[in-house]
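K.L.:
The following block contains the structure, expressed as structure tokens.
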Amino acid sequence: MSLTTSARRTATPARPTGSPTPTAAHGQRLDSPVLVAKDLSVTYKNGHTALSDFTLDVRPGEVVALLGHSGSGKSTLMKAVTGLAPATATQLSVDGTDIPGANAATLRAVRASTGYVFQHFNLVPQLSALTNVLTGGLHSAGPLSRAGLFSRAQREQALALLARVGLADKASARADSLSGGQQQRVAIARALMQGPSLVLADEPVASLDPRLAGSVLSLLRKIAHEDGIPVIVSLHVVDLARRYADRFVALDAGRITHAGPVASLTEDMVADIYGSPEDDDAAAESQPNAGQEATA
Ligand SMILES: Nc1ncnc2c1ncn2[C@@H]1O[C@H](COP(=O)(O)OP(=O)(O)OP(=O)(O)O)[C@@H](O)[C@H]1O
Ligand SMILES: [Mg+2]
């Protein structure tokens, strides 16, 4: 399988799960970071501060899981990285490009080289899987492609990406005829068609059953480990983070509360991040009618 242009640029040799980047004898990582966030804060127009003093480096080949309650700032981080949320920072850069203060053309270029994978896939339902993948390359396409006539090379690349995500036989199927897991694979192929230097996956498995969730996350991990494209993925299921991510960052009200290799994520930390089952019981007891909402 040939790599996309940007992937080639950042590619590192395949590494076993759990050892995302090579380290020198003195422990310093050899790859320079693709994402640098230092003292990143986001305050929305209404005055709400959704991210405070967030610091994180993400290097080629890493899968970083974002954990935290609803509203803790996971999506805000992803938006800030591509200039879609009002950010201040000592440094915020993607692939060496500074985001705060960047002009519109620079931000377009950063967005074009960032692959997105969303909870609800965001495919064009009436278009084929192949055409959906081809749209991932539209930012770099000439006028003919934008008019719907993709080059042979682009079609071959898109077909190869569909084969890579296990959907070679679904190229001409309409997106809305595919299962959720298949649609998310098409969305991943579309992201790769962009030749991304970074993939942002915002709750990519929240709409999938556990078996499909595993296969989608395993694919994202493969992309990181084999192509060297770092993946930042927000997840609500800690076990999935443990299984498929290299590192985790836990947020609470926009601040990092815990971070480190997933192997260092203890049950005490999980209880601190999401609350313990006893907390859930107490919350349910304090809202005795909560369970009736669905039928009200
Ligand atoms: N455009 C906005 N304007 C004002 N406040 C916002 C805006 N977008 C998000 N927020 C607020 O910022 C906080 C963080 O939101 P964010 O969407 O980043 O959370 P999240 O961790 O992704 O949550 P979830 O797990 O539910 O997706 C929340 O309190 C949210 O209401
Ligand atoms: Mg979110």
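Naming works like this for the structure tokens: A, B, ... for the chains as they're shown, residue 1 at the start of each chain, ligands 1 onward in shown order.
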Could you build a table of the residues in chain A lying no more than 8 Å from ligand 1, giving for each the nearest pair of atoms and their separation in Å rounded to one decimal place, using only C-alpha atoms and all ligand atoms, ordered by chain and ascending residue number, as a tab-separated table?
P.N.:
```
residue	atom	partner	partner_atom_place_in_ligand_line	distance
A:Thr43	CA	ligand 1	4 (C)	7.9
A:Tyr44	CA	ligand 1	4 (C)	4.9
A:Lys45	CA	ligand 1	3 (N)	6.3
A:Asn46	CA	ligand 1	4 (C)	5.7
A:Gly47	CA	ligand 1	4 (C)	7.5
A:His48	CA	ligand 1	5 (N)	5.7
A:Thr49	CA	ligand 1	12 (O)	6.9
A:Ala50	CA	ligand 1	12 (O)	4.4
A:Leu51	CA	ligand 1	14 (C)	7.4
A:Leu67	CA	ligand 1	21 (O)	8.0
A:Gly68	CA	ligand 1	21 (O)	6.3
A:His69	CA	ligand 1	25 (O)	5.7
A:Ser70	CA	ligand 1	25 (O)	3.4
A:Gly71	CA	ligand 1	19 (O)	3.3
A:Ser72	CA	ligand 1	21 (O)	3.9
A:Gly73	CA	ligand 1	18 (O)	3.3
A:Lys74	CA	ligand 1	21 (O)	3.8
A:Ser75	CA	ligand 1	22 (O)	3.7
A:Thr76	CA	ligand 1	18 (O)	3.6
A:Leu77	CA	ligand 1	18 (O)	6.5
A:Ala85	CA	ligand 1	1 (N)	7.5
A:Asp202	CA	ligand 1	27 (O)	7.8
A:Glu203	CA	ligand 1	27 (O)	7.5
A:Ser234	CA	ligand 1	22 (O)	7.9
A:His236	CA	ligand 1	25 (O)	7.4
A:Leu251	CA	ligand 1	21 (O)	7.7
A:Ala253	CA	ligand 1	14 (C)	7.3
A:Gly254	CA	ligand 1	14 (C)	7.0
```
K.L.:
Please report, as a PyMOL selection string, each residue of range 244-274 of chain A to which DSSP assigns helix (DSSP H, G or I) when run on this structure's backbone.
P.N.:
chain A and resi 244+262-264+267-274
K.L.:
Can you tell me, as a PyMOL selection string, which residues in range 117-262 of chain A count as strand (DSSP E) by DSSP?
P.N.:
chain A and resi 117-118+198-202+231-234+247-252+255-261
K.L.:
Please write the residues from the selection above to a file, keeping N, CA and C atoms, as a JSON list (two decimals), in the first residue's frame.
P.N.:
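The result, written out as result.json:
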```json
[["chain", "number", "residue", "atom", "x", "y", "z"],
["A", 117, "VAL", "N", -12.21, 12.67, 11.71],
["A", 117, "VAL", "CA", -13.13, 11.53, 11.79],
["A", 117, "VAL", "C", -14.11, 11.87, 12.90],
["A", 118, "PHE", "N", -15.41, 11.83, 12.56],
["A", 118, "PHE", "CA", -16.43, 12.29, 13.51],
["A", 118, "PHE", "C", -17.31, 11.12, 13.96],
["A", 198, "LEU", "N", -1.85, 15.03, 10.52],
["A", 198, "LEU", "CA", -2.42, 14.76, 11.85],
["A", 198, "LEU", "C", -3.86, 14.30, 11.63],
["A", 199, "VAL", "N", -4.32, 13.33, 12.42],
["A", 199, "VAL", "CA", -5.73, 12.94, 12.36],
["A", 199, "VAL", "C", -6.39, 13.26, 13.70],
["A", 200, "LEU", "N", -7.53, 13.96, 13.62],
["A", 200, "LEU", "CA", -8.32, 14.27, 14.80],
["A", 200, "LEU", "C", -9.60, 13.44, 14.73],
["A", 201, "ALA", "N", -9.78, 12.57, 15.69],
["A", 201, "ALA", "CA", -10.96, 11.70, 15.68],
["A", 201, "ALA", "C", -11.79, 12.01, 16.92],
["A", 202, "ASP", "N", -12.94, 12.67, 16.70],
["A", 202, "ASP", "CA", -13.78, 13.11, 17.83],
["A", 202, "ASP", "C", -14.89, 12.10, 18.07],
["A", 231, "VAL", "N", -2.49, 10.40, 15.79],
["A", 231, "VAL", "CA", -3.95, 10.42, 15.93],
["A", 231, "VAL", "C", -4.31, 10.92, 17.33],
["A", 232, "ILE", "N", -5.16, 11.93, 17.39],
["A", 232, "ILE", "CA", -5.73, 12.36, 18.68],
["A", 232, "ILE", "C", -7.18, 11.92, 18.65],
["A", 233, "VAL", "N", -7.57, 11.13, 19.63],
["A", 233, "VAL", "CA", -8.90, 10.53, 19.59],
["A", 233, "VAL", "C", -9.60, 10.74, 20.93],
["A", 234, "SER", "N", -10.81, 11.31, 20.88],
["A", 234, "SER", "CA", -11.56, 11.43, 22.13],
["A", 234, "SER", "C", -12.42, 10.19, 22.30],
["A", 247, "ARG", "N", -0.94, 6.99, 24.68],
["A", 247, "ARG", "CA", -0.96, 7.90, 25.83],
["A", 247, "ARG", "C", -2.38, 8.40, 26.05],
["A", 248, "PHE", "N", -2.63, 8.92, 27.22],
["A", 248, "PHE", "CA", -3.93, 9.52, 27.49],
["A", 248, "PHE", "C", -3.74, 10.89, 28.13],
["A", 249, "VAL", "N", -4.73, 11.73, 27.91],
["A", 249, "VAL", "CA", -4.80, 13.03, 28.58],
["A", 249, "VAL", "C", -6.22, 13.15, 29.09],
["A", 250, "ALA", "N", -6.36, 13.34, 30.39],
["A", 250, "ALA", "CA", -7.71, 13.49, 30.97],
["A", 250, "ALA", "C", -7.96, 14.95, 31.28],
["A", 251, "LEU", "N", -9.15, 15.40, 30.89],
["A", 251, "LEU", "CA", -9.55, 16.79, 31.09],
["A", 251, "LEU", "C", -10.70, 16.87, 32.07],
["A", 252, "ASP", "N", -10.68, 17.92, 32.86],
["A", 252, "ASP", "CA", -11.84, 18.23, 33.70],
["A", 252, "ASP", "C", -12.01, 19.74, 33.67],
["A", 255, "ARG", "N", -9.14, 21.65, 32.12],
["A", 255, "ARG", "CA", -7.77, 21.50, 32.63],
["A", 255, "ARG", "C", -7.34, 20.05, 32.62],
["A", 256, "ILE", "N", -6.05, 19.84, 32.36],
["A", 256, "ILE", "CA", -5.51, 18.48, 32.40],
["A", 256, "ILE", "C", -5.42, 18.04, 33.86],
["A", 257, "THR", "N", -6.04, 16.89, 34.14],
["A", 257, "THR", "CA", -5.98, 16.37, 35.51],
["A", 257, "THR", "C", -5.02, 15.18, 35.61],
["A", 258, "HIS", "N", -4.94, 14.40, 34.56],
["A", 258, "HIS", "CA", -4.02, 13.26, 34.53],
["A", 258, "HIS", "C", -3.53, 13.10, 33.10],
["A", 259, "ALA", "N", -2.31, 12.60, 32.95],
["A", 259, "ALA", "CA", -1.78, 12.33, 31.61],
["A", 259, "ALA", "C", -0.62, 11.36, 31.74],
["A", 260, "GLY", "N", -0.39, 10.60, 30.71],
["A", 260, "GLY", "CA", 0.75, 9.69, 30.73],
["A", 260, "GLY", "C", 0.52, 8.54, 29.77],
["A", 261, "PRO", "N", 1.42, 7.54, 29.78],
["A", 261, "PRO", "CA", 1.20, 6.35, 28.97],
["A", 261, "PRO", "C", -0.05, 5.62, 29.46]]
```
K.L.:
Considering only C-alpha atoms and all ligand atoms, state which residue in the set A:Thr131, A:Gln119, A:Thr266, A:Gln157 is at the smallest distance from ligand 2.
P.N.:
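Using only C-alpha atoms and all ligand atoms, the shortest distance to ligand 2 belongs to A:Gln119.
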K.L.:
Nearest residue to Ala241 in chain A out of A:Val34, A:Leu178, A:Val64, A:Leu149, using only C-alpha atoms?
P.N.:
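Between A:Val34, A:Leu178, A:Val64, A:Leu149, the residue approaching Ala241 in chain A most closely is A:Val64.
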K.L.:
Set the distance at 8 Å and use only C-alpha atoms: which residues neighbour Ala224 in chain A once local chain neighbours fewer than 3 positions away are removed? I'd like the list as a ChimeraX atom specification.
P.N.:
/A:60-63,220-221,227-231
K.L.:
Which polymer residues have any atom within 8 Å of an atom of range 87-91 of chain A, counting only C-alpha atoms, with same-chain residues fewer than 3 positions away left out, as a PyMOL selection string?
P.N.:
chain A and resi 36-43+53+80+83+98+100
K.L.:
Hey, can you check how far CA of Asp239 in chain A sits from CA of Gly181 in chain A?
P.N.:
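Atom-to-atom, CA of Asp239 in chain A and CA of Gly181 in chain A are spaced 18.9 Å apart.
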K.L.:
Find the residue from A:Gly137, A:Gly195, A:Gly115, A:Pro33 that sits nearest to Gly96 in chain A; use only C-alpha atoms when measuring.
P.N.:
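Going through A:Gly137, A:Gly195, A:Gly115, A:Pro33 one by one, the smallest distance to Gly96 in chain A is for A:Pro33.
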K.L.:
Identify which of the residues A:Val133, A:Leu161, A:Leu235, A:Leu138 lies closest to ligand 2, counting only C-alpha atoms and all ligand atoms when measuring atom-to-atom distances.
P.N.:
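Residue with the minimum atom-to-atom distance to ligand 2: A:Leu235.
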